[in-house]
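Pasted below: protein.tsv, TSV, C-alpha atoms.
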chain	number	residue	atom	x	y	z
A	24	MET	CA	91.79	118.71	72.46
A	25	SER	CA	89.87	115.80	74.04
A	26	ALA	CA	90.78	112.11	73.86
A	27	SER	CA	87.87	111.49	71.49
A	28	GLN	CA	89.11	114.24	69.19
A	29	THR	CA	92.60	112.74	68.94
A	30	SER	CA	91.59	109.08	68.72
A	31	ASP	CA	91.70	108.78	64.93
A	32	ILE	CA	93.55	111.84	63.62
A	33	PRO	CA	96.97	111.50	62.00
A	34	THR	CA	99.82	112.15	64.47
A	35	LEU	CA	103.60	112.15	64.44
A	36	LEU	CA	105.82	110.74	67.18
A	37	VAL	CA	108.99	112.84	67.24
A	38	LYS	CA	111.82	111.23	69.21
A	39	ILE	CA	115.09	113.03	70.01
A	40	PHE	CA	117.97	111.38	71.83
A	41	GLY	CA	121.58	112.22	72.61
A	42	LYS	CA	123.72	114.18	75.08
A	43	ASP	CA	121.64	116.39	77.37
A	44	ARG	CA	122.21	120.13	77.55
A	45	PRO	CA	120.11	123.23	78.26
A	46	GLY	CA	117.68	124.33	75.54
A	47	ILE	CA	116.90	121.00	73.87
A	48	THR	CA	113.21	120.92	74.76
A	49	ALA	CA	112.69	124.58	73.86
A	50	GLY	CA	114.63	124.10	70.61
A	51	LEU	CA	112.56	121.13	69.49
A	52	PHE	CA	109.26	122.86	70.10
A	53	ASP	CA	110.50	126.09	68.51
A	54	THR	CA	111.23	123.99	65.43
A	55	LEU	CA	107.81	122.31	65.50
A	56	ALA	CA	105.98	125.61	66.12
A	57	ALA	CA	106.66	126.72	62.55
A	58	TYR	CA	104.36	123.92	61.31
A	59	SER	CA	101.21	124.77	63.35
A	60	VAL	CA	101.08	121.41	65.13
A	61	ASP	CA	99.34	120.76	68.45
A	62	VAL	CA	101.00	118.85	71.27
A	63	VAL	CA	99.20	115.63	72.21
A	64	ASP	CA	101.75	114.16	74.63
A	65	ILE	CA	105.32	114.72	75.88
A	66	GLU	CA	107.71	112.39	77.66
A	67	GLN	CA	111.30	113.20	78.65
A	68	VAL	CA	113.89	111.12	80.51
A	69	VAL	CA	117.49	111.98	81.35
A	70	THR	CA	119.79	109.12	82.39
A	71	ARG	CA	123.51	109.67	83.05
A	72	GLY	CA	123.55	112.81	80.94
A	73	ARG	CA	121.70	111.28	77.98
A	74	ILE	CA	118.26	112.64	77.09
A	75	THR	CA	115.36	110.89	75.38
A	76	LEU	CA	112.62	113.37	74.46
A	77	CYS	CA	109.40	112.18	72.81
A	78	ALA	CA	106.74	114.53	71.47
A	79	LEU	CA	103.46	113.26	70.07
A	80	VAL	CA	102.02	116.01	67.82
A	81	THR	CA	99.25	116.40	65.30
A	82	GLN	CA	100.11	116.09	61.62
A	83	PRO	CA	101.00	119.47	60.03
A	84	PRO	CA	98.86	120.98	57.24
A	85	ALA	CA	98.81	119.17	53.91
A	86	GLY	CA	102.08	119.22	52.02
A	87	MET	CA	104.19	120.30	55.04
A	88	GLU	CA	105.06	116.95	56.64
A	89	GLY	CA	108.11	116.34	54.45
A	90	ASP	CA	109.49	119.77	55.24
A	91	LEU	CA	108.84	119.25	58.97
A	92	ARG	CA	110.73	115.96	58.93
A	93	ALA	CA	113.70	117.49	57.11
A	94	THR	CA	113.80	120.51	59.43
A	95	VAL	CA	113.64	118.42	62.61
A	96	HIS	CA	116.45	116.13	61.39
A	97	SER	CA	118.55	119.16	60.41
A	98	TRP	CA	117.97	120.78	63.82
A	99	ALA	CA	118.85	117.54	65.64
A	100	GLU	CA	122.06	117.19	63.61
A	101	SER	CA	123.03	120.77	64.49
A	102	MET	CA	122.62	119.79	68.17
A	103	LYS	CA	124.71	116.65	67.62
A	104	MET	CA	121.67	114.52	68.38
A	105	GLN	CA	119.60	111.91	66.60
A	106	ALA	CA	115.96	112.15	65.55
A	107	GLU	CA	113.32	109.61	64.67
A	108	ILE	CA	109.83	110.50	63.39
A	109	ILE	CA	107.04	107.91	63.14
A	110	SER	CA	103.61	108.45	61.58
A	111	GLY	CA	100.50	107.01	63.17
A	112	LEU	CA	96.93	107.61	64.27
A	113	GLY	CA	95.69	109.16	67.47
A	114	ASP	CA	97.05	109.22	71.00
A	115	ASN	CA	98.69	106.49	73.09
A	116	ARG	CA	96.48	103.46	73.63
A	117	PRO	CA	94.33	103.79	76.74
A	118	ARG	CA	95.81	102.31	79.90
A	119	GLY	CA	94.08	99.26	81.27
A	120	HIS	CA	91.73	99.40	84.23
A	121	GLY	CA	93.33	98.86	87.60
A	122	ARG	CA	96.32	101.13	88.19
A	123	SER	CA	98.96	100.42	90.77
A	124	LEU	CA	102.31	101.76	91.90
A	125	VAL	CA	104.97	99.14	92.51
A	126	THR	CA	107.89	100.39	94.61
A	127	VAL	CA	111.03	98.25	94.66
A	128	LEU	CA	113.89	98.72	97.13
A	129	GLY	CA	117.18	96.97	96.45
A	130	HIS	CA	120.52	97.00	98.21
A	131	PRO	CA	121.68	96.53	95.49
A	132	LEU	CA	118.93	96.26	92.87
A	133	THR	CA	120.17	93.61	90.47
A	134	ALA	CA	119.28	93.16	86.81
A	135	GLU	CA	118.08	89.63	87.63
A	136	ALA	CA	115.63	90.92	90.24
A	137	THR	CA	114.39	93.65	87.90
A	138	ALA	CA	113.82	91.13	85.11
A	139	SER	CA	111.87	88.84	87.44
A	140	ILE	CA	109.68	91.70	88.69
A	141	ALA	CA	108.92	92.87	85.14
A	142	ALA	CA	108.10	89.31	84.08
A	143	ARG	CA	105.79	88.80	87.07
A	144	ILE	CA	103.95	92.05	86.27
A	145	THR	CA	103.44	90.90	82.68
A	146	LYS	CA	102.32	87.44	83.81
A	147	SER	CA	99.71	89.12	86.02
A	148	GLY	CA	98.16	90.62	82.88
A	149	ALA	CA	99.46	94.11	83.64
A	150	ASN	CA	101.52	96.57	81.63
A	151	ILE	CA	104.37	98.77	82.85
A	152	ASP	CA	103.52	102.31	81.78
A	153	ARG	CA	106.40	104.18	83.38
A	154	ILE	CA	109.45	103.60	85.58
A	155	PHE	CA	110.95	106.27	87.80
A	156	ARG	CA	113.90	106.22	90.19
A	157	LEU	CA	113.09	107.54	93.67
A	158	ALA	CA	116.50	107.11	95.31
A	159	LYS	CA	120.00	105.86	94.64
A	160	TYR	CA	121.16	105.65	98.26
A	161	PRO	CA	121.17	104.29	100.91
A	162	VAL	CA	119.15	101.92	98.74
A	163	THR	CA	118.15	101.96	95.11
A	164	ALA	CA	114.42	102.66	94.98
A	165	VAL	CA	112.40	102.61	91.76
A	166	GLU	CA	108.70	103.00	91.13
A	167	PHE	CA	106.78	101.19	88.39
A	168	ALA	CA	103.45	102.71	87.28
A	169	VAL	CA	101.40	99.68	86.25
A	170	SER	CA	97.96	99.30	84.68
A	171	GLY	CA	95.72	96.44	83.67
A	172	ALA	CA	95.64	94.41	86.89
A	173	GLN	CA	93.93	94.78	90.25
A	174	THR	CA	96.18	95.91	93.09
A	175	GLU	CA	95.57	93.10	95.59
A	176	PRO	CA	96.35	90.13	93.27
A	177	LEU	CA	99.35	92.01	91.90
A	178	ARG	CA	100.62	92.67	95.44
A	179	THR	CA	100.24	89.02	96.36
A	180	ALA	CA	102.14	87.88	93.29
A	181	LEU	CA	105.02	90.34	93.71
A	182	VAL	CA	105.47	90.32	97.47
A	183	THR	CA	105.64	86.51	97.42
A	184	ASP	CA	108.72	86.74	95.19
A	185	ALA	CA	110.40	89.62	97.02
A	186	ALA	CA	112.39	87.68	99.64
A	187	ALA	CA	113.77	85.22	97.09
A	188	LEU	CA	114.85	88.12	94.85
A	189	GLY	CA	116.58	89.97	97.68
A	190	VAL	CA	114.42	93.09	97.32
A	191	ASP	CA	111.56	94.78	99.15
A	192	ILE	CA	108.37	95.42	97.18
A	193	ALA	CA	105.32	97.52	98.00
A	194	VAL	CA	102.22	97.63	95.81
A	195	VAL	CA	99.57	100.31	96.36
A	196	ALA	CA	96.65	101.54	94.30
A	197	ALA	CA	97.41	104.64	92.24
A	198	GLY	CA	95.22	107.70	92.53
A	199	LEU	CA	94.72	111.01	94.28
A	200	HIS	CA	94.94	109.38	97.72
A	201	ARG	CA	98.71	109.08	97.23
A	202	ARG	CA	98.94	112.85	97.71
A	203	ALA	CA	96.32	113.09	100.45
A	204	GLN	CA	97.06	113.81	104.09
A	205	ARG	CA	98.01	110.67	105.96
A	206	LEU	CA	98.62	109.36	109.43
A	207	VAL	CA	101.74	107.30	110.07
A	208	VAL	CA	101.84	105.23	113.27
A	209	MET	CA	104.95	103.36	114.37
A	210	ASP	CA	105.90	100.78	116.90
A	211	VAL	CA	108.76	101.99	119.10
A	212	ASP	CA	111.03	99.17	120.27
A	213	SER	CA	113.21	97.87	117.39
A	214	THR	CA	111.35	100.14	114.97
A	215	LEU	CA	111.58	103.83	115.88
A	216	ILE	CA	114.45	102.99	118.21
A	217	GLN	CA	117.10	100.29	118.05
A	218	ASP	CA	116.49	99.07	121.58
A	219	GLU	CA	113.96	97.09	123.61
A	220	VAL	CA	113.20	99.54	126.41
A	221	ILE	CA	112.34	96.92	128.98
A	222	GLU	CA	115.77	95.38	128.44
A	223	LEU	CA	117.38	98.75	129.14
A	224	PHE	CA	115.51	98.86	132.46
A	225	ALA	CA	116.40	95.22	133.11
A	226	ALA	CA	120.11	95.93	132.63
A	227	HIS	CA	119.93	98.32	135.59
A	228	ALA	CA	118.06	95.70	137.63
A	229	GLY	CA	120.54	92.92	136.82
A	230	CYS	CA	117.96	90.70	135.12
A	231	GLU	CA	118.62	91.52	131.46
A	232	ASP	CA	119.05	87.91	130.27
A	233	GLN	CA	115.80	86.77	131.86
A	234	VAL	CA	113.83	89.66	130.37
A	235	ALA	CA	115.41	89.31	126.92
A	236	GLU	CA	114.44	85.65	126.74
A	237	VAL	CA	110.79	86.41	127.52
A	238	THR	CA	110.77	89.40	125.11
A	239	ALA	CA	112.07	87.30	122.22
A	240	ALA	CA	109.45	84.63	122.79
A	241	ALA	CA	106.68	87.24	122.92
A	242	MET	CA	107.82	88.92	119.69
A	243	ARG	CA	107.81	85.55	117.94
A	244	GLY	CA	104.19	85.14	119.00
A	245	GLU	CA	104.97	82.21	121.30
A	246	LEU	CA	103.66	83.92	124.45
A	247	ASP	CA	100.63	86.02	125.29
A	248	PHE	CA	101.89	89.61	125.31
A	249	GLU	CA	100.04	90.78	128.41
A	250	GLN	CA	101.23	87.83	130.47
A	251	SER	CA	104.79	88.27	129.28
A	252	LEU	CA	104.63	92.01	130.04
A	253	HIS	CA	103.54	91.44	133.64
A	254	ALA	CA	106.22	88.75	134.07
A	255	ARG	CA	108.99	91.01	132.81
A	256	VAL	CA	107.87	94.12	134.68
A	257	ALA	CA	107.69	92.13	137.93
A	258	LEU	CA	111.45	91.60	137.66
A	259	LEU	CA	111.94	95.39	137.93
A	260	GLU	CA	110.37	95.65	141.39
A	261	GLY	CA	112.35	97.87	143.75
A	262	LEU	CA	114.35	99.64	141.01
A	263	ASP	CA	114.93	103.31	141.84
A	264	ALA	CA	112.86	105.72	139.75
A	265	SER	CA	115.98	107.71	138.90
A	266	VAL	CA	116.76	104.99	136.38
A	267	VAL	CA	114.12	106.48	134.06
A	268	GLU	CA	116.40	109.37	133.08
A	269	LYS	CA	119.29	106.97	132.54
A	270	VAL	CA	117.20	104.81	130.23
A	271	ARG	CA	116.01	107.84	128.27
A	272	SER	CA	119.64	108.81	127.66
A	273	GLU	CA	120.49	105.28	126.49
A	274	VAL	CA	117.75	105.06	123.86
A	275	ARG	CA	119.18	105.01	120.33
A	276	LEU	CA	117.03	106.16	117.44
A	277	THR	CA	116.99	103.93	114.37
A	278	PRO	CA	119.05	105.37	111.47
A	279	GLY	CA	116.75	107.55	109.37
A	280	ALA	CA	114.14	107.99	112.12
A	281	ARG	CA	114.60	111.75	112.44
A	282	THR	CA	114.61	112.18	108.65
A	283	LEU	CA	111.42	110.14	108.30
A	284	ILE	CA	109.51	112.09	110.94
A	285	ARG	CA	110.84	115.49	109.86
A	286	THR	CA	109.88	114.83	106.22
A	287	LEU	CA	106.44	113.47	107.07
A	288	LYS	CA	105.72	116.55	109.17
A	289	ARG	CA	106.81	118.81	106.29
A	290	LEU	CA	104.37	116.98	104.05
A	291	GLY	CA	101.56	117.73	106.48
A	292	TYR	CA	101.26	114.16	107.72
A	293	GLN	CA	100.48	113.39	111.34
A	294	VAL	CA	102.79	110.96	113.10
A	295	GLY	CA	102.26	108.82	116.17
A	296	VAL	CA	103.73	105.93	118.12
A	297	VAL	CA	102.13	103.04	119.95
A	298	SER	CA	104.28	100.88	122.16
A	299	GLY	CA	104.18	97.84	124.37
A	300	GLY	CA	106.94	99.70	126.20
A	301	PHE	CA	106.47	102.53	128.62
A	302	THR	CA	105.21	106.10	128.68
A	303	GLN	CA	108.27	107.02	130.74
A	304	VAL	CA	110.17	106.76	127.42
A	305	THR	CA	107.51	107.45	124.76
A	306	ASP	CA	106.50	110.76	126.37
A	307	ASP	CA	110.10	111.89	126.07
A	308	LEU	CA	110.28	110.75	122.43
A	309	GLN	CA	107.02	112.57	121.66
A	310	GLU	CA	108.45	115.82	122.95
A	311	ARG	CA	111.87	115.42	121.31
A	312	LEU	CA	110.54	114.40	117.90
A	313	GLY	CA	107.36	116.49	117.75
A	314	LEU	CA	105.03	113.50	117.48
A	315	ASP	CA	101.30	114.12	117.28
A	316	PHE	CA	100.27	110.98	119.16
A	317	ALA	CA	101.90	108.61	121.62
A	318	GLN	CA	100.52	105.79	123.75
A	319	ALA	CA	102.25	103.07	125.78
A	320	ASN	CA	102.07	101.21	129.06
A	321	THR	CA	102.97	103.02	132.28
A	322	LEU	CA	105.32	101.69	134.92
A	323	GLU	CA	103.89	102.19	138.38
A	324	ILE	CA	106.16	104.20	140.68
A	325	VAL	CA	105.47	104.53	144.40
A	326	ASP	CA	107.71	106.34	146.87
A	327	GLY	CA	110.42	106.72	144.25
A	328	LYS	CA	110.58	103.00	143.42
A	329	LEU	CA	109.23	100.81	140.60
A	330	THR	CA	106.58	98.49	142.04
A	331	GLY	CA	106.92	95.81	139.40
A	332	ARG	CA	103.46	96.61	138.04
A	333	VAL	CA	101.94	98.64	135.21
A	334	THR	CA	98.95	100.93	135.53
A	335	GLY	CA	96.06	101.64	133.20
A	336	GLU	CA	94.96	99.91	130.02
A	337	ILE	CA	97.51	97.51	128.57
A	338	VAL	CA	98.81	98.33	125.07
A	339	ASP	CA	98.99	94.88	123.50
A	340	ARG	CA	98.44	93.51	120.00
A	341	ALA	CA	94.72	94.33	119.90
A	342	GLY	CA	95.36	97.60	121.72
A	343	LYS	CA	97.74	98.84	119.04
A	344	ALA	CA	95.11	98.35	116.32
A	345	ARG	CA	92.52	100.03	118.51
A	346	LEU	CA	94.83	103.01	119.06
A	347	LEU	CA	95.53	103.27	115.32
A	348	ARG	CA	91.80	103.64	114.74
A	349	ARG	CA	91.48	106.17	117.55
A	350	PHE	CA	94.39	108.26	116.31
A	351	ALA	CA	92.95	108.18	112.77
A	352	ALA	CA	89.58	109.40	114.03
A	353	GLU	CA	91.21	112.20	116.03
A	354	ALA	CA	93.38	113.18	113.06
A	355	GLY	CA	90.40	113.16	110.68
A	356	VAL	CA	92.15	110.67	108.41
A	357	PRO	CA	90.33	107.63	106.91
A	358	LEU	CA	91.79	104.32	108.01
A	359	SER	CA	92.60	103.60	104.36
A	360	GLN	CA	94.99	106.59	104.48
A	361	THR	CA	96.98	105.30	107.44
A	362	VAL	CA	100.42	103.73	107.39
A	363	ALA	CA	101.55	101.43	110.21
A	364	ILE	CA	105.14	100.33	110.77
A	365	GLY	CA	106.25	97.57	113.13
A	366	ASP	CA	108.48	94.56	113.62
A	367	GLY	CA	106.85	92.16	116.08
A	368	ALA	CA	103.91	89.79	116.33
A	369	ASN	CA	102.12	92.27	118.59
A	370	ASP	CA	102.10	94.73	115.66
A	371	LEU	CA	100.22	92.42	113.30
A	372	ASP	CA	96.68	93.63	114.02
A	373	MET	CA	97.80	97.23	113.56
A	374	LEU	CA	99.65	96.44	110.31
A	375	ASN	CA	96.62	94.64	108.89
A	376	ALA	CA	94.20	97.39	109.95
A	377	ALA	CA	96.20	100.16	108.26
A	378	GLY	CA	95.87	101.15	104.63
A	379	LEU	CA	99.54	100.21	104.26
A	380	GLY	CA	101.24	97.95	106.79
A	381	VAL	CA	105.04	97.93	106.67
A	382	ALA	CA	107.05	95.20	108.40
A	383	PHE	CA	110.37	96.82	109.31
A	384	ASN	CA	113.26	94.37	109.74
A	385	ALA	CA	110.59	92.11	111.13
A	386	LYS	CA	110.27	88.54	112.32
A	387	PRO	CA	109.31	86.06	109.53
A	388	VAL	CA	105.72	85.70	110.75
A	389	VAL	CA	105.29	89.48	110.51
A	390	ARG	CA	106.91	89.81	107.07
A	391	GLU	CA	104.59	87.16	105.69
A	392	ALA	CA	101.45	88.85	107.02
A	393	ALA	CA	102.20	92.54	106.31
A	394	HIS	CA	101.38	94.38	103.07
A	395	THR	CA	105.08	94.95	102.47
A	396	ALA	CA	108.43	94.57	104.19
A	397	VAL	CA	111.52	96.74	104.49
A	398	ASN	CA	114.65	94.78	105.31
A	399	VAL	CA	117.31	97.49	105.31
A	400	PRO	CA	118.29	99.28	108.55
A	401	PHE	CA	117.15	102.75	107.44
A	402	LEU	CA	113.72	103.85	108.63
A	403	ASP	CA	113.50	106.74	106.17
A	404	THR	CA	113.29	104.26	103.28
A	405	VAL	CA	109.57	104.10	104.17
A	406	LEU	CA	109.34	107.52	102.48
A	407	TYR	CA	109.99	105.87	99.12
A	408	LEU	CA	106.93	103.67	99.61
A	409	LEU	CA	104.95	106.92	99.80
A	410	GLY	CA	106.44	108.21	96.54
A	411	VAL	CA	108.82	110.71	98.15
A	412	THR	CA	112.19	110.94	96.39
A	413	ARG	CA	115.60	111.27	98.01
A	414	GLU	CA	116.14	114.52	96.13
A	415	GLU	CA	112.96	116.00	97.63
A	416	VAL	CA	114.12	115.09	101.13
A	417	GLU	CA	117.56	116.60	100.61
A	418	THR	CA	116.17	119.75	98.98
A	419	ALA	CA	113.84	120.34	101.91
A	420	ASP	CA	116.73	119.81	104.34
A	421	SER	CA	118.95	122.28	102.50
A	422	HIS	CA	116.20	124.93	102.48
A	423	ASP	CA	115.84	124.59	106.23
A	424	GLU	CA	119.58	125.01	106.71
A	425	ALA	CA	119.77	128.09	104.48

Conversion result in structure tokens:
Amino acid sequence: MSASQTSDIPTLLVKIFGKDRPGITAGLFDTLAAYSVDVVDIEQVVTRGRITLCALVTQPPAGMEGDLRATVHSWAESMKMQAEIISGLGDNRPRGHGRSLVTVLGHPLTAEATASIAARITKSGANIDRIFRLAKYPVTAVEFAVSGAQTEPLRTALVTDAAALGVDIAVVAAGLHRRAQRLVVMDVDSTLIQDEVIELFAAHAGCEDQVAEVTAAAMRGELDFEQSLHARVALLEGLDASVVEKVRSEVRLTPGARTLIRTLKRLGYQVGVVSGGFTQVTDDLQERLGLDFAQANTLEIVDGKLTGRVTGEIVDRAGKARLLRRFAAEAGVPLSQTVAIGDGANDLDMLNAAGLGVAFNAKPVVREAAHTAVNVPFLDTVLYLLGVTREEVETADSHDEA
């Protein structure tokens, strides 16, 4: 039955609520089937063992509505549940133009923050159509399906409030693209891994403090990246090339990194990294993690020693955005379907070029400029921004182990 056919016909909203158990949905519709009604809409939610089941159905033939009401109430009572039946006309009211998905991550997610988010959505002229929990740990993640407001203004309004509310908020346009193949490109240092690779090299050269000071200034956007890179690499001159294997063994993946990449690959996504660090490490990560793309700077090695120089094209702030576009073209994925994740100022062009730019435990200047921010130390929480639930991740893992 089309929307036009149900717009002005009499309908009944049948609501059942109580303790959940097997057979409730089948039992309700078995009961309704005796009255030759058609189903217009169904909604069911189970929270902490309590079910709310709503069925919007056409009005039964003349003279049978009273009997239907009595029978449904009697059936609900036999199931130790409650029933409510409301008469009306037609289907649900049409959703407003402009549909968005608002994902909220809280650690914890407080009632105060939730109230503020809901109020801000309403103030933006939008309506909350549905709320769904994506995860309960390591963070609480919920998704609001919203209609009636354009995505960009809604994102601006909500993301502005996020830091003050102690939550992370992502707002994306709803639609088929959410399920489409995507490309996810990550920064490496302090994003995919917990370390700054050049500092690991510097520790072996005895100049860690000097390098760390320059690195911090560059990530804050206070120094030109290429100049700072050359200055830091120069301090490594004369270091034995055998240190490369030692540094590879010292690299620590960010919690959730393996889960994120493994799940993305299962979903058919392509995954890459771009780094202001060095291919001597990213090539190893690409092989270990099964990455589709990887690009970084290359330390020059001559006669078994680091020369203090890099070779080839420098991967800097502009270079990362350029590589994102190149990877997207090679993957056959529109730029609007790309996701970029990074933490530093040299990631900003890439984050802004992507369809969704995620600032991961980032510097303030990056958080303010990115589409959204994640401020918990678990990289796999990015999956929730893509609509993937914790249960789906765990189910896929258990199937692989079986």

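Proximity of A:Val325, A:Ala187, A:Leu406, A:Val237 to Arg285 (chain A), computed with all atoms listed in the file, is greatest for A:Leu406.
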
Near-Ala136 (chain A) list (9 Å; only C-alpha atoms; drop same-chain fewer than 3 positions) as a ChimeraX atom specification
/A:129,132-133,139-141,185,188-190

For region 101-108 of chain A: contacts at 6 Å, all atoms listed in the file, fewer than 4 positions along chain excluded, given as a VMD selection string
chain A and resid 36 to 41 96

Top pick for closest residue to Leu347 (chain A), considering A:Val208, A:Arg289, A:Leu283, A:Leu314 and counting only C-alpha atoms
A:Val208

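The space between CA of Ile216 (chain A) and CA of Arg178 (chain A) spans 28.6 Å.
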
CA of Ala344 (chain A) to CA of Gln318 (chain A), distance in Å rounded to a single decimal
11.8 Å

Please output region 408-424 of chain A, rebuilt to include N, CA, C and O atoms, as a PDB file, keeping the file's coordinate frame.
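Dumped to out02.pdb:
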ATOM      1  N   LEU A 408     108.196 104.376  99.799  1.00  0.00           N
ATOM      2  CA  LEU A 408     106.930 103.670  99.610  1.00  0.00           C
ATOM      3  C   LEU A 408     105.770 104.635  99.463  1.00  0.00           C
ATOM      4  O   LEU A 408     104.711 104.272  98.945  1.00  0.00           O
ATOM      5  N   LEU A 409     105.975 105.878  99.908  1.00  0.00           N
ATOM      6  CA  LEU A 409     104.950 106.920  99.800  1.00  0.00           C
ATOM      7  C   LEU A 409     105.179 107.801  98.581  1.00  0.00           C
ATOM      8  O   LEU A 409     104.480 108.802  98.392  1.00  0.00           O
ATOM      9  N   GLY A 410     106.181 107.455  97.756  1.00  0.00           N
ATOM     10  CA  GLY A 410     106.440 108.210  96.540  1.00  0.00           C
ATOM     11  C   GLY A 410     107.318 109.423  96.720  1.00  0.00           C
ATOM     12  O   GLY A 410     107.455 110.240  95.806  1.00  0.00           O
ATOM     13  N   VAL A 411     107.935 109.574  97.894  1.00  0.00           N
ATOM     14  CA  VAL A 411     108.820 110.710  98.150  1.00  0.00           C
ATOM     15  C   VAL A 411     110.228 110.346  97.677  1.00  0.00           C
ATOM     16  O   VAL A 411     110.745 109.277  98.005  1.00  0.00           O
ATOM     17  N   THR A 412     110.856 111.226  96.909  1.00  0.00           N
ATOM     18  CA  THR A 412     112.190 110.940  96.390  1.00  0.00           C
ATOM     19  C   THR A 412     113.278 111.426  97.339  1.00  0.00           C
ATOM     20  O   THR A 412     113.054 112.307  98.170  1.00  0.00           O
ATOM     21  N   ARG A 413     114.464 110.846  97.184  1.00  0.00           N
ATOM     22  CA  ARG A 413     115.600 111.270  98.010  1.00  0.00           C
ATOM     23  C   ARG A 413     115.935 112.733  97.735  1.00  0.00           C
ATOM     24  O   ARG A 413     116.292 113.483  98.647  1.00  0.00           O
ATOM     25  N   GLU A 414     115.833 113.133  96.485  1.00  0.00           N
ATOM     26  CA  GLU A 414     116.140 114.520  96.130  1.00  0.00           C
ATOM     27  C   GLU A 414     115.196 115.488  96.829  1.00  0.00           C
ATOM     28  O   GLU A 414     115.619 116.560  97.270  1.00  0.00           O
ATOM     29  N   GLU A 415     113.915 115.135  96.945  1.00  0.00           N
ATOM     30  CA  GLU A 415     112.960 116.000  97.630  1.00  0.00           C
ATOM     31  C   GLU A 415     113.298 116.141  99.099  1.00  0.00           C
ATOM     32  O   GLU A 415     113.192 117.226  99.681  1.00  0.00           O
ATOM     33  N   VAL A 416     113.734 115.045  99.717  1.00  0.00           N
ATOM     34  CA  VAL A 416     114.120 115.090 101.130  1.00  0.00           C
ATOM     35  C   VAL A 416     115.320 116.004 101.316  1.00  0.00           C
ATOM     36  O   VAL A 416     115.349 116.867 102.205  1.00  0.00           O
ATOM     37  N   GLU A 417     116.323 115.832 100.465  1.00  0.00           N
ATOM     38  CA  GLU A 417     117.560 116.600 100.610  1.00  0.00           C
ATOM     39  C   GLU A 417     117.331 118.084 100.282  1.00  0.00           C
ATOM     40  O   GLU A 417     117.920 118.970 100.927  1.00  0.00           O
ATOM     41  N   THR A 418     116.471 118.363  99.307  1.00  0.00           N
ATOM     42  CA  THR A 418     116.170 119.750  98.980  1.00  0.00           C
ATOM     43  C   THR A 418     115.483 120.447 100.139  1.00  0.00           C
ATOM     44  O   THR A 418     115.811 121.581 100.498  1.00  0.00           O
ATOM     45  N   ALA A 419     114.535 119.766 100.769  1.00  0.00           N
ATOM     46  CA  ALA A 419     113.840 120.340 101.910  1.00  0.00           C
ATOM     47  C   ALA A 419     114.805 120.587 103.064  1.00  0.00           C
ATOM     48  O   ALA A 419     114.743 121.617 103.732  1.00  0.00           O
ATOM     49  N   ASP A 420     115.732 119.656 103.272  1.00  0.00           N
ATOM     50  CA  ASP A 420     116.730 119.810 104.340  1.00  0.00           C
ATOM     51  C   ASP A 420     117.620 121.027 104.073  1.00  0.00           C
ATOM     52  O   ASP A 420     117.920 121.807 104.972  1.00  0.00           O
ATOM     53  N   SER A 421     118.050 121.184 102.834  1.00  0.00           N
ATOM     54  CA  SER A 421     118.950 122.280 102.500  1.00  0.00           C
ATOM     55  C   SER A 421     118.259 123.630 102.629  1.00  0.00           C
ATOM     56  O   SER A 421     118.873 124.620 103.024  1.00  0.00           O
ATOM     57  N   HIS A 422     116.952 123.679 102.337  1.00  0.00           N
ATOM     58  CA  HIS A 422     116.200 124.930 102.480  1.00  0.00           C
ATOM     59  C   HIS A 422     116.092 125.319 103.943  1.00  0.00           C
ATOM     60  O   HIS A 422     116.141 126.495 104.306  1.00  0.00           O
ATOM     61  N   ASP A 423     115.937 124.310 104.809  1.00  0.00           N
ATOM     62  CA  ASP A 423     115.840 124.590 106.230  1.00  0.00           C
ATOM     63  C   ASP A 423     117.158 125.108 106.804  1.00  0.00           C
ATOM     64  O   ASP A 423     117.192 125.906 107.727  1.00  0.00           O
ATOM     65  N   GLU A 424     118.267 124.611 106.214  1.00  0.00           N
ATOM     66  CA  GLU A 424     119.580 125.010 106.710  1.00  0.00           C
ATOM     67  C   GLU A 424     119.993 126.376 106.209  1.00  0.00           C
ATOM     68  O   GLU A 424     120.855 127.044 106.781  1.00  0.00           O
TER      69      GLU A 424
END
